[in-house]
Each structure stands twice: as structure tokens, then as C-alpha cells.
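The data block below is structure39.csv; it holds CSV, C-alpha atoms.
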chain,number,residue,atom,x,y,z
A,1181,MET,CA,-62.3,124.9,-24.3
A,1182,ASN,CA,-63.4,121.4,-23.5
A,1183,ILE,CA,-61.5,120.0,-20.6
A,1184,ASP,CA,-61.3,116.3,-19.8
A,1185,LEU,CA,-62.2,116.1,-16.1
A,1186,TYR,CA,-59.8,113.3,-15.3
A,1187,GLN,CA,-56.9,115.1,-17.0
A,1188,ALA,CA,-57.9,118.4,-15.4
A,1189,LEU,CA,-57.9,116.8,-11.9
A,1190,ILE,CA,-54.5,115.2,-12.4
A,1191,CYS,CA,-53.2,118.5,-13.8
A,1192,VAL,CA,-54.4,120.4,-10.7
A,1193,LEU,CA,-52.9,117.7,-8.4
A,1194,VAL,CA,-49.5,117.8,-10.2
A,1195,MET,CA,-49.4,121.6,-10.2
A,1196,THR,CA,-50.4,121.9,-6.6
A,1197,ALA,CA,-47.8,119.4,-5.5
A,1198,VAL,CA,-45.0,121.0,-7.4
A,1199,THR,CA,-46.0,124.6,-6.5
A,1200,PHE,CA,-46.3,123.8,-2.8
A,1201,ALA,CA,-43.1,121.8,-2.7
A,1202,ILE,CA,-41.2,124.8,-4.2
A,1203,ARG,CA,-42.8,127.3,-1.8
A,1204,ALA,CA,-42.1,125.0,1.2
A,1205,LEU,CA,-38.5,124.2,0.2
A,1206,PRO,CA,-36.8,127.2,2.0
A,1207,PHE,CA,-38.6,126.3,5.2
A,1208,LEU,CA,-37.4,122.7,5.1
A,1209,VAL,CA,-33.7,123.4,4.5
A,1210,ARG,CA,-31.3,125.1,6.9
A,1211,LEU,CA,-29.4,128.1,5.7
A,1212,PRO,CA,-26.3,129.8,7.3
A,1213,PRO,CA,-27.5,132.8,9.3
A,1214,GLY,CA,-25.3,135.1,7.2
A,1215,LEU,CA,-27.0,134.2,4.1
A,1216,THR,CA,-30.5,134.7,5.6
A,1217,ALA,CA,-29.4,138.1,6.8
A,1218,ARG,CA,-28.3,139.1,3.3
A,1219,LEU,CA,-31.5,137.9,1.8
A,1220,GLN,CA,-33.4,139.9,4.3
A,1221,ALA,CA,-31.3,143.0,3.6
A,1222,GLY,CA,-32.2,142.7,-0.1
A,1223,GLN,CA,-35.9,143.0,0.6
A,1224,ASP,CA,-36.2,145.9,-1.8
A,1225,LEU,CA,-33.8,144.6,-4.3
A,1226,PHE,CA,-35.0,141.0,-4.9
A,1227,PRO,CA,-38.6,141.8,-5.7
A,1228,ALA,CA,-37.5,144.5,-8.2
A,1229,LEU,CA,-35.1,142.0,-9.9
A,1230,PHE,CA,-37.6,139.2,-10.0
A,1231,MET,CA,-40.5,141.4,-11.2
A,1232,SER,CA,-38.2,142.7,-14.0
A,1233,LEU,CA,-37.6,139.2,-15.1
A,1234,LEU,CA,-41.3,138.3,-14.9
A,1235,VAL,CA,-42.2,141.3,-17.0
A,1236,ILE,CA,-39.6,140.3,-19.6
A,1237,TYR,CA,-41.0,136.7,-19.3
A,1238,CYS,CA,-44.5,137.9,-20.0
A,1239,LEU,CA,-43.3,140.1,-22.9
A,1240,GLY,CA,-41.5,137.1,-24.4
A,1241,PRO,CA,-43.3,137.3,-27.7
A,1242,LEU,CA,-41.7,140.8,-28.3
A,1243,PHE,CA,-38.2,139.3,-28.6
A,1244,PRO,CA,-36.3,139.6,-30.9
A,1245,LEU,CA,-37.8,143.0,-31.7
A,1246,SER,CA,-37.4,142.5,-35.4
A,1247,ARG,CA,-40.2,139.9,-35.3
A,1248,LEU,CA,-42.9,142.2,-34.1
A,1249,THR,CA,-46.2,141.9,-35.9
A,1250,LEU,CA,-49.1,144.3,-35.9
A,1251,GLU,CA,-51.7,141.7,-34.9
A,1252,ALA,CA,-50.2,140.5,-31.6
A,1253,GLU,CA,-46.9,142.1,-30.5
A,1254,TRP,CA,-47.4,145.8,-31.2
A,1255,PRO,CA,-50.5,145.9,-29.0
A,1256,LEU,CA,-48.6,144.1,-26.2
A,1257,LEU,CA,-45.7,146.5,-26.5
A,1258,LEU,CA,-47.8,149.7,-26.6
A,1259,SER,CA,-50.1,148.6,-23.8
A,1260,SER,CA,-47.1,147.7,-21.6
A,1261,LEU,CA,-45.5,151.0,-22.2
A,1262,VAL,CA,-48.8,152.8,-21.3
A,1263,VAL,CA,-49.1,150.8,-18.0
A,1264,PHE,CA,-45.5,151.6,-17.1
A,1265,VAL,CA,-45.6,155.3,-17.9
A,1266,VAL,CA,-49.1,156.0,-16.4
A,1267,HIS,CA,-48.3,154.1,-13.2
A,1268,TRP,CA,-44.9,155.8,-12.9
A,1269,PHE,CA,-46.4,159.3,-13.1
A,1270,SER,CA,-49.9,158.8,-11.6
A,1271,GLY,CA,-49.3,155.9,-9.2
A,1272,ARG,CA,-53.0,155.0,-9.5
A,1273,LEU,CA,-53.6,151.3,-10.1
A,1274,LEU,CA,-57.0,151.5,-11.7
A,1275,LEU,CA,-55.9,154.2,-14.1
A,1276,SER,CA,-52.7,152.4,-15.1
A,1277,MET,CA,-53.8,148.8,-15.2
A,1278,GLY,CA,-57.3,149.6,-16.3
A,1279,GLY,CA,-56.1,151.9,-19.0
A,1280,GLY,CA,-53.5,149.5,-20.3
A,1281,VAL,CA,-55.9,146.5,-20.3
A,1282,VAL,CA,-58.6,148.5,-22.1
A,1283,LEU,CA,-56.1,149.7,-24.7
A,1284,HIS,CA,-54.8,146.2,-25.2
A,1285,LEU,CA,-58.4,144.8,-25.6
A,1286,ILE,CA,-59.2,147.5,-28.1
A,1287,LEU,CA,-56.0,147.0,-30.1
A,1288,MET,CA,-56.3,143.2,-30.0
A,1289,ASN,CA,-59.9,143.2,-31.2
A,1290,LEU,CA,-59.5,146.0,-33.7
A,1291,LEU,CA,-56.2,145.2,-35.4
B,401,MET,CA,-59.8,141.9,21.1
B,402,MET,CA,-62.4,142.4,18.3
B,403,SER,CA,-61.2,145.9,17.7
B,404,GLN,CA,-57.6,144.6,17.3
B,405,VAL,CA,-58.8,142.0,14.8
B,406,ARG,CA,-60.7,144.6,12.9
B,407,SER,CA,-57.8,147.0,12.9
B,408,VAL,CA,-55.4,144.3,11.5
B,409,PHE,CA,-58.1,143.4,8.9
B,410,TYR,CA,-58.3,147.0,7.7
B,411,GLN,CA,-54.5,147.2,7.7
B,412,ALA,CA,-54.3,144.1,5.6
B,413,LEU,CA,-57.1,145.4,3.3
B,414,ARG,CA,-55.3,148.7,2.9
B,415,LEU,CA,-52.0,146.9,2.1
B,416,THR,CA,-53.4,144.3,-0.3
B,417,GLY,CA,-56.3,146.2,-1.8
B,418,PRO,CA,-54.4,147.1,-5.0
B,419,VAL,CA,-53.4,143.4,-5.4
B,420,MET,CA,-57.1,142.3,-4.9
B,421,LEU,CA,-58.2,144.8,-7.5
B,422,GLY,CA,-55.7,143.4,-9.9
B,423,TYR,CA,-56.3,139.8,-8.9
B,424,PHE,CA,-60.0,139.7,-9.5
B,425,PRO,CA,-60.1,140.7,-13.2
B,426,MET,CA,-57.0,138.6,-13.8
B,427,ALA,CA,-58.6,135.5,-12.2
B,428,LEU,CA,-61.7,136.4,-14.1
B,429,ALA,CA,-59.6,136.2,-17.3
B,430,PHE,CA,-58.3,132.8,-16.2
B,431,GLY,CA,-61.9,131.6,-15.6
B,432,VAL,CA,-63.0,132.8,-19.0
B,433,LEU,CA,-60.0,131.0,-20.6
B,434,ALA,CA,-60.6,127.8,-18.7
B,435,ALA,CA,-64.4,128.0,-19.3
B,436,ASP,CA,-65.0,125.1,-16.8
B,437,PRO,CA,-66.2,126.3,-13.4
B,438,LEU,CA,-65.0,123.1,-11.6
B,439,TYR,CA,-61.5,123.2,-13.1
B,440,ALA,CA,-61.3,127.0,-12.7
B,441,SER,CA,-62.3,126.9,-9.0
B,442,LEU,CA,-60.2,123.9,-8.1
B,443,SER,CA,-57.2,125.4,-9.8
B,444,GLY,CA,-57.7,128.7,-8.0
B,445,LEU,CA,-58.2,126.9,-4.7
B,446,PHE,CA,-55.3,124.5,-4.8
B,447,VAL,CA,-52.8,125.6,-7.4
B,448,TYR,CA,-53.1,129.3,-6.8
B,449,ALA,CA,-50.3,130.4,-9.1
B,450,GLY,CA,-51.4,132.8,-11.8
B,451,ALA,CA,-48.9,132.3,-14.6
B,452,SER,CA,-48.9,128.5,-14.2
B,453,GLN,CA,-52.7,128.4,-14.2
B,454,PHE,CA,-52.8,130.4,-17.5
B,455,LEU,CA,-50.2,128.0,-18.9
B,456,SER,CA,-52.2,125.0,-17.7
B,457,VAL,CA,-55.1,125.9,-19.9
B,458,LYS,CA,-52.8,125.9,-22.9
B,459,LEU,CA,-51.1,122.6,-21.8
B,460,LEU,CA,-54.5,120.9,-21.2
B,461,SER,CA,-55.7,122.0,-24.7
B,462,THR,CA,-52.7,120.5,-26.3
B,463,HIS,CA,-52.9,117.3,-24.2
B,464,ALA,CA,-49.5,117.8,-22.7
B,465,SER,CA,-48.0,115.0,-20.6
B,466,PHE,CA,-47.9,115.3,-16.8
B,467,TYR,CA,-44.2,115.4,-17.0
B,468,GLU,CA,-44.4,118.5,-19.2
B,469,ILE,CA,-47.0,120.0,-16.8
B,470,ALA,CA,-44.7,119.3,-13.8
B,471,LEU,CA,-41.6,120.7,-15.5
B,472,SER,CA,-43.4,123.9,-16.7
B,473,THR,CA,-44.8,124.5,-13.2
B,474,PHE,CA,-41.4,124.0,-11.7
B,475,VAL,CA,-39.7,126.4,-14.1
B,476,LEU,CA,-42.4,129.0,-13.8
B,477,ASN,CA,-42.6,128.9,-10.0
B,478,VAL,CA,-39.0,128.2,-8.9
B,479,ARG,CA,-38.7,131.9,-8.1
B,480,HIS,CA,-40.9,131.3,-5.1
B,481,VAL,CA,-38.0,129.6,-3.4
B,482,PHE,CA,-36.4,133.0,-3.0
B,483,TYR,CA,-39.5,134.5,-1.6
B,484,GLY,CA,-39.6,131.9,1.1
B,485,LEU,CA,-36.0,132.3,1.9
B,486,GLN,CA,-36.6,136.0,2.7
B,487,PHE,CA,-39.6,135.3,5.0
B,488,LYS,CA,-38.1,132.3,6.8
B,489,SER,CA,-37.6,133.9,10.1
B,490,GLU,CA,-41.0,135.8,10.0
B,491,TYR,CA,-43.0,132.7,9.1
B,492,SER,CA,-41.2,130.5,11.7
B,493,LYS,CA,-43.0,132.4,14.4
B,494,LEU,CA,-46.4,131.5,13.1
B,495,PRO,CA,-48.5,128.6,14.5
B,496,TRP,CA,-48.0,125.4,12.4
B,497,LEU,CA,-51.3,125.5,10.5
B,498,GLN,CA,-51.1,129.2,9.8
B,499,LYS,CA,-47.5,128.7,8.7
B,500,CYS,CA,-48.5,125.9,6.2
B,501,TYR,CA,-51.3,128.0,4.8
B,502,SER,CA,-49.1,131.2,4.5
B,503,ILE,CA,-46.4,129.2,2.7
B,504,PHE,CA,-49.0,127.7,0.3
B,505,ALA,CA,-50.4,131.2,-0.3
B,506,LEU,CA,-47.0,133.0,-0.9
B,507,THR,CA,-47.5,134.2,-4.4
B,508,ASP,CA,-45.6,136.9,-6.3
B,509,GLU,CA,-48.1,139.6,-5.3
B,510,THR,CA,-48.5,138.4,-1.7
B,511,TYR,CA,-44.7,138.4,-1.4
B,512,ALA,CA,-44.5,142.0,-2.8
B,513,VAL,CA,-47.2,143.2,-0.4
B,514,LEU,CA,-45.7,141.4,2.7
B,515,ALA,CA,-42.2,142.5,1.8
B,516,ALA,CA,-43.4,146.1,1.9
B,517,GLY,CA,-45.8,145.9,4.8
B,518,LEU,CA,-44.4,143.4,7.3
B,519,ASN,CA,-43.4,144.9,10.6
B,520,ARG,CA,-41.5,143.2,13.4
B,521,ASN,CA,-44.2,143.3,16.0
B,522,PRO,CA,-45.3,139.7,16.2
B,523,GLU,CA,-48.7,140.7,17.6
B,524,THR,CA,-49.7,142.3,14.3
B,525,THR,CA,-47.4,140.3,12.0
B,526,ARG,CA,-49.1,137.0,12.6
B,527,PRO,CA,-52.6,138.0,11.8
B,528,LEU,CA,-51.4,140.4,9.1
B,529,VAL,CA,-49.7,137.6,7.1
B,530,SER,CA,-52.9,135.5,7.4
B,531,TRP,CA,-55.3,138.2,6.4
B,532,VAL,CA,-53.2,139.4,3.4
B,533,SER,CA,-52.8,135.8,2.2
B,534,ALA,CA,-56.5,134.9,2.8
B,535,LEU,CA,-57.9,138.1,1.2
B,536,ASN,CA,-55.7,137.6,-1.9
B,537,HIS,CA,-56.6,133.9,-2.1
B,538,LEU,CA,-60.3,134.4,-1.7
B,539,THR,CA,-60.3,137.1,-4.3
B,540,TRP,CA,-58.5,134.8,-6.7
B,541,ILE,CA,-60.9,131.9,-6.2
B,542,ALA,CA,-63.9,134.1,-6.6
B,543,GLY,CA,-62.5,135.6,-9.8
B,544,CYS,CA,-61.7,132.1,-11.3
B,545,LEU,CA,-65.2,130.8,-10.5
B,546,PHE,CA,-67.0,133.9,-11.7
B,547,GLY,CA,-65.0,134.1,-14.9
B,548,ALA,CA,-65.8,130.5,-15.8
B,549,VAL,CA,-69.5,130.9,-14.9
B,550,LEU,CA,-69.6,134.1,-17.0
B,551,LYS,CA,-68.0,132.3,-19.9
B,552,GLN,CA,-70.5,129.4,-19.7
B,553,THR,CA,-73.6,131.5,-19.2
B,554,ALA,CA,-72.9,134.5,-21.3
B,555,GLY,CA,-70.4,133.1,-23.8
B,556,LEU,CA,-68.0,136.0,-23.0
B,557,ASN,CA,-65.0,136.2,-25.3
B,558,LEU,CA,-62.4,138.8,-24.2
B,559,LYS,CA,-59.5,138.3,-26.5
B,560,GLY,CA,-56.4,139.9,-25.0
B,561,LEU,CA,-57.7,140.0,-21.4
B,562,ASP,CA,-54.7,137.9,-20.3
B,563,PHE,CA,-52.7,141.1,-20.6
B,564,LEU,CA,-53.8,141.7,-17.0
B,565,LEU,CA,-51.0,139.5,-15.8
B,566,VAL,CA,-48.4,141.6,-17.6
B,567,ALA,CA,-50.0,144.8,-16.4
B,568,LEU,CA,-49.9,143.5,-12.8
B,569,PHE,CA,-46.2,142.6,-13.0
B,570,ILE,CA,-45.4,146.0,-14.5
B,571,VAL,CA,-47.3,147.8,-11.7
B,572,LEU,CA,-45.6,145.8,-9.0
B,573,LEU,CA,-42.2,146.5,-10.6
B,574,VAL,CA,-42.9,150.3,-10.7
B,575,GLU,CA,-44.1,150.1,-7.1
B,576,ASN,CA,-41.0,148.4,-6.0
B,577,ILE,CA,-38.7,150.9,-7.7
B,578,LYS,CA,-40.7,153.9,-6.5
B,579,ARG,CA,-40.8,152.6,-2.9
B,580,SER,CA,-37.1,152.3,-2.7
B,581,THR,CA,-35.1,155.0,-1.0
B,582,GLN,CA,-32.4,154.6,-3.7
B,583,ARG,CA,-34.7,154.9,-6.7
B,584,GLY,CA,-32.0,155.5,-9.3
B,585,GLN,CA,-29.9,152.5,-8.2
B,586,MET,CA,-33.0,150.3,-8.0
B,587,ALA,CA,-34.1,151.3,-11.5
B,588,ARG,CA,-30.6,150.5,-12.7
B,589,ASP,CA,-30.7,147.1,-11.0
B,590,ALA,CA,-34.1,146.4,-12.5
B,591,GLY,CA,-32.7,147.4,-15.9
B,592,ILE,CA,-29.9,145.0,-15.6
B,593,ALA,CA,-32.4,142.3,-14.7
B,594,ALA,CA,-34.4,143.2,-17.7
B,595,LEU,CA,-31.4,143.1,-20.0
B,596,VAL,CA,-30.4,139.6,-18.6
B,597,GLY,CA,-34.0,138.5,-19.3
B,598,ILE,CA,-34.1,139.9,-22.8
B,599,THR,CA,-30.8,138.2,-23.6
B,600,LEU,CA,-32.1,134.9,-22.3
B,601,ALA,CA,-35.5,135.3,-23.8
B,602,GLN,CA,-34.1,135.3,-27.3
B,603,ASN,CA,-34.0,131.5,-27.3
B,604,GLN,CA,-36.2,129.6,-24.9
B,605,ILE,CA,-38.3,131.5,-22.4
B,606,PRO,CA,-38.9,129.0,-19.6
B,607,ALA,CA,-35.2,128.0,-19.4
B,608,GLY,CA,-34.3,131.7,-19.7
B,609,LEU,CA,-36.5,132.5,-16.7
B,610,PHE,CA,-34.8,129.8,-14.6
B,611,ILE,CA,-31.3,131.0,-15.5
B,612,GLY,CA,-32.3,134.6,-15.1
B,613,MET,CA,-33.6,133.9,-11.6
B,614,ALA,CA,-30.3,132.3,-10.7
B,615,CYS,CA,-28.4,135.2,-12.1
B,616,MET,CA,-30.5,137.7,-10.1
B,617,LEU,CA,-30.0,135.7,-6.9
B,618,VAL,CA,-26.2,135.8,-7.4
B,619,TYR,CA,-26.4,139.5,-8.3
B,620,GLY,CA,-28.6,140.3,-5.3
B,621,LEU,CA,-26.3,138.4,-2.9
B,622,TRP,CA,-23.3,140.2,-4.3
B,623,LYS,CA,-25.1,143.5,-3.8
B,624,THR,CA,-25.8,142.6,-0.2
B,625,SER,CA,-22.4,141.2,0.5
B,626,HIS,CA,-21.6,143.9,3.0
B,627,VAL,CA,-24.2,142.6,5.4
B,628,GLY,CA,-22.8,140.9,8.5
B,629,ARG,CA,-19.2,141.9,7.7
B,630,GLY,CA,-19.0,145.1,9.7
B,631,PRO,CA,-20.9,147.8,11.5
B,632,ALA,CA,-22.8,148.8,8.3
B,633,THR,CA,-25.5,146.2,8.2
B,634,GLY,CA,-28.3,146.0,5.7
B,635,ALA,CA,-31.5,148.1,5.8
B,636,PRO,CA,-34.0,147.1,8.5
B,637,LEU,CA,-37.0,145.1,7.3
B,638,ASN,CA,-39.4,148.0,7.6
B,639,ASP,CA,-37.5,151.2,6.9
B,640,ASP,CA,-40.2,153.0,4.9
B,641,PRO,CA,-41.8,155.7,7.0
B,642,ARG,CA,-45.0,155.6,4.9
B,643,LEU,CA,-45.6,152.0,6.0
B,644,PRO,CA,-47.6,151.0,9.1
Show me, as C-alpha cells, the structure contained in the file I just sent.
Amino acid sequence: MNIDLYQALICVLVMTAVTFAIRALPFLVRLPPGLTARLQAGQDLFPALFMSLLVIYCLGPLFPLSRLTLEAEWPLLLSSLVVFVVHWFSGRLLLSMGGGVVLHLILMNLL
Amino acid sequence: MMSQVRSVFYQALRLTGPVMLGYFPMALAFGVLAADPLYASLSGLFVYAGASQFLSVKLLSTHASFYEIALSTFVLNVRHVFYGLQFKSEYSKLPWLQKCYSIFALTDETYAVLAAGLNRNPETTRPLVSWVSALNHLTWIAGCLFGAVLKQTAGLNLKGLDFLLVALFIVLLVENIKRSTQRGQMARDAGIAALVGITLAQNQIPAGLFIGMACMLVYGLWKTSHVGRGPATGAPLNDDPRLP
């Protein structure tokens, strides 16, 4: 991809400013102590909820399921299932992520 | 003193090693996609937000306006607000510069690692936060730069390598569910989140993600509504016996 340097630099600047502002926001506003305690108590819950949403976000092309095509969506679905199942049962990152990525690369380049 | 630094470094390495292993090839994939070493390294150094960086390549190639770039970045990263909320008290104990850097480097994966590994001993918490953040960040920059250089020198074309991002989120989700003492309940909650996501994803993904995050915040707050109301308070920050 050919990137225009000026546009790229502005893009980096804009994204840096927005991202940092979002990350810094909770440290700039004052919250009631009760709410902070509840957020801290949900230390296991919140990451799981957000990660679920992010997984769904990344799997966006799969929905609605009736639209699945062999070229792009089936490899994504199959590889995601492989990563989930392998990591659930083995707990080994290299095996689950590596296996899923290799499978996805093979499917994407072969199909 | 040196032995303590080394001990915390190894502790951070042990905690965030899996993330570094996932980060490097993912950043490599970004570098290959961006194909410009300067843009890839600057983006890795300053933006340091995986999904947004991948999206930026697409936006730059379509000559999107800066308004579109800013809005997409906001929608994609707004979840980080909730991460910061959870670490507010821990980070407030850090020195100013360290605090600024740690806030800047609070990514999804760093959040997941710190949420699992932070303990309340300030002597180790402070350097642990920095080491975990710095190790992840350095791995990310190295991967971005290496990927772009590889693309320029070897003309590498790895169609489908961006799946690493999905794989990493799935692994982090599984880890979160498995780590929980109430696995069944956690899996059910994650399933509810997924259903909300699927429902919202039917139409427009970025807006769906934003609404989904808000729904999950409300749901999470409802689930923790018992905290502070009586003797049964929420779980302590580090209740997992396997963690240091």
C-alpha cells in the first residue's frame, strides 16, 4: 500500500490524541466511591464481557450467518472455533493461536 | 535492589509472556499490511491500539477524512474508558510520569494481564505495571517495524494473517472464563455478551460495539450491585491462589 506521508502523520496524530484522551478520561473525572468499588469487584466479569464483544466485533463478517461464503467467512468461522476449542482444552497459547492462524492462512490461501 | 528489580521483571515477563507472544506476530501482520516502516513504527509507538491501527490502514487506503478516522478510533477504543475506571485507585499511587505512560499503554491485553496479576503490595505493583506495559509496548513496536521492513525487503504477502487479532481476543476470553472461580456463571455472562454483540452486529458493527459496551457496563454494574450494601462485599482484587 502506498501511504501519503503527510496524511499518515496526521492520521497517527489524530488516532494518538483520541486514544490517549479515552484512556485518560477515567483518571480525569471523579467517581463516587461506591461505583469505583463495584467496578473493582467486577474485575473478572468486565474483561470477559468486553472480550466477548470484541470477539463478536472481529467476527462481524460472519453475521448474519446466512451470508457465509466459502472464500472469506467459513475459514474465519472454522479457525475461530479451532482456537476456542484447542485453548479451552489445552490452555497452550502457541498451540491454540498458532494452530488457528496456520489453519486460517491455509484456508484463505487455498480456498 | 537489583535483585528486586530482576525479580519484578521476571514476574512481569511470566505474566505478560503469552501476550508478547501474541503481540509480536500480530504487530508483524500490521507491519506487513502497512508496508511503510515509518508509518508502521510511528503508529506502533504513538497510537498503540491494535484494532484501530489495522483499521487505519484501510482508512488511509480509502483516503478517509480525519473526522472519519477520529470517530472510528473513538468507537473502537471507547471500551478503554472502562479499563481505566477499574485501575483508577492502583494507578493513582504511581509517580506522575509513570502514571501517564501506564495510562497511555493500557491496551486490552495489558488490561487483561494486569487485572489478573496486580497485587496490592505497592512495592511490587508500581514496577510491575511499568514492566508489563513497557514489555508489551516494545514487543508491539518491534513487530510493527519488523513486519513493514519484511514486506518492503522480501515482498511478503500473508493473506489472512490479520486473523491473529481475533485469535488473541478468543484466547483472552477463554483465559478470563477459565480463571474465574465461578466458571459456569462467567461463561453464561460471556454468552449473554456475545448474544448482545451478535444482535447489534446485524446492522452496523462500530455502532453495535459502542452500544454493546454500554449494555455490558450496565449489566456488570447490576451484577456487582451487592458491593458496598452490606457485609458481603465483592471479591478482593487478587483472589486467585495461582497468581503471585
Ref. answer, residues at most 10 Å from (-56.6, 118.8, -11.7) with all atoms listed in the file, as a ChimeraX atom specification: /A:1184-1196 /B:438-440,442-443,446-447,456,460
At a cut-off of 10 Å, using only C-alpha atoms, what residues contact Ser489 (chain B)? Leave out same-chain residues fewer than 5 positions from it and give the result as a PDB file with C-alpha atoms, keeping the file's coordinate frame.
ATOM      1  CA  PHE A1207     -38.600 126.300   5.200  1.00  0.00           C
ATOM      2  CA  THR A1216     -30.500 134.700   5.600  1.00  0.00           C
ATOM      3  CA  ALA A1217     -29.400 138.100   6.800  1.00  0.00           C
ATOM      4  CA  GLN A1220     -33.400 139.900   4.300  1.00  0.00           C
TER       5      GLN A1220
ATOM      6  CA  GLY B 484     -39.600 131.900   1.100  1.00  0.00           C
ATOM      7  CA  LEU B 494     -46.400 131.500  13.100  1.00  0.00           C
TER       8      LEU B 494
END
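Shortest separation to chain A among B:Leu550, B:Leu538, B:Cys615, B:Cys544 occurs at residue B:Cys615, atoms counted being all atoms listed in the file.
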Long-range neighbours of Ser502 (chain B) as a ChimeraX atom specification, 8 Å cut-off, all atoms listed in the file, 5 positions minimum in chain: /B:491,529-530,533
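Using only C-alpha atoms, the shortest contact distance between Ala427 (chain B) and any of B:Cys500, B:Ala594, B:Ala548, B:Ile577 is found at B:Ala548.
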Near-Met426 (chain B) list (8 Å; only C-alpha atoms; drop same-chain fewer than 6 positions) as a VMD selection string: chain B and resid 543 561 to 562 564 to 565
File dump, residues just selected, C-alpha atoms, as a compact mmCIF listing (two decimals), in the coordinates of the input:
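Output contents, as saved in out-v1.txt:
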# COMPACT_ATOMS: atom_id res chain seq x y z
CA GLY B 543 -62.50 135.60 -9.80
CA LEU B 561 -57.70 140.00 -21.40
CA ASP B 562 -54.70 137.90 -20.30
CA LEU B 564 -53.80 141.70 -17.00
CA LEU B 565 -51.00 139.50 -15.80
Residue neighbourhood Ala1228 (chain A), 12 Å, all atoms listed in the file, exclusion window fewer than 2 positions, as a ChimeraX atom specification: /A:1222-1226,1230-1235 /B:508,511-512,515-516,569-580,583,585-594,613,616-617,620
Taking C-alpha atoms for each residue, export the selection above as a tab-separated table (two decimals), in the frame of the given file.
chain	number	residue	atom	x	y	z
A	1222	GLY	CA	-32.20	142.70	-0.10
A	1223	GLN	CA	-35.90	143.00	0.60
A	1224	ASP	CA	-36.20	145.90	-1.80
A	1225	LEU	CA	-33.80	144.60	-4.30
A	1226	PHE	CA	-35.00	141.00	-4.90
A	1230	PHE	CA	-37.60	139.20	-10.00
A	1231	MET	CA	-40.50	141.40	-11.20
A	1232	SER	CA	-38.20	142.70	-14.00
A	1233	LEU	CA	-37.60	139.20	-15.10
A	1234	LEU	CA	-41.30	138.30	-14.90
A	1235	VAL	CA	-42.20	141.30	-17.00
B	508	ASP	CA	-45.60	136.90	-6.30
B	511	TYR	CA	-44.70	138.40	-1.40
B	512	ALA	CA	-44.50	142.00	-2.80
B	515	ALA	CA	-42.20	142.50	1.80
B	516	ALA	CA	-43.40	146.10	1.90
B	569	PHE	CA	-46.20	142.60	-13.00
B	570	ILE	CA	-45.40	146.00	-14.50
B	571	VAL	CA	-47.30	147.80	-11.70
B	572	LEU	CA	-45.60	145.80	-9.00
B	573	LEU	CA	-42.20	146.50	-10.60
B	574	VAL	CA	-42.90	150.30	-10.70
B	575	GLU	CA	-44.10	150.10	-7.10
B	576	ASN	CA	-41.00	148.40	-6.00
B	577	ILE	CA	-38.70	150.90	-7.70
B	578	LYS	CA	-40.70	153.90	-6.50
B	579	ARG	CA	-40.80	152.60	-2.90
B	580	SER	CA	-37.10	152.30	-2.70
B	583	ARG	CA	-34.70	154.90	-6.70
B	585	GLN	CA	-29.90	152.50	-8.20
B	586	MET	CA	-33.00	150.30	-8.00
B	587	ALA	CA	-34.10	151.30	-11.50
B	588	ARG	CA	-30.60	150.50	-12.70
B	589	ASP	CA	-30.70	147.10	-11.00
B	590	ALA	CA	-34.10	146.40	-12.50
B	591	GLY	CA	-32.70	147.40	-15.90
B	592	ILE	CA	-29.90	145.00	-15.60
B	593	ALA	CA	-32.40	142.30	-14.70
B	594	ALA	CA	-34.40	143.20	-17.70
B	613	MET	CA	-33.60	133.90	-11.60
B	616	MET	CA	-30.50	137.70	-10.10
B	617	LEU	CA	-30.00	135.70	-6.90
B	620	GLY	CA	-28.60	140.30	-5.30
Leu485 (chain B) environment, 10 Å, all atoms listed in the file, sequence neighbours closer than 5 positions dropped, as a PyMOL selection string: (chain A and resi 1203-1207+1209-1211+1215-1216+1219-1220) or (chain B and resi 480)
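Comparing the minimum interatomic distances between Pro437 (chain B) and each of B:Leu621, B:Leu545, B:Ala534, B:Ile469, counting all atoms listed in the file, we find that B:Leu545 sits nearest.
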Residue with smallest distance to Val1281 (chain A) - pool B:Ser403, B:Pro495, B:Leu595, B:Pro425, counting only C-alpha atoms: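 The answer is B:Pro425, which sits nearest to Val1281 (chain A).
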Atomic separation - CA of Gly1278 (chain A) relative to CA of Thr553 (chain B), Å: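 A separation of 24.5 Å between them.
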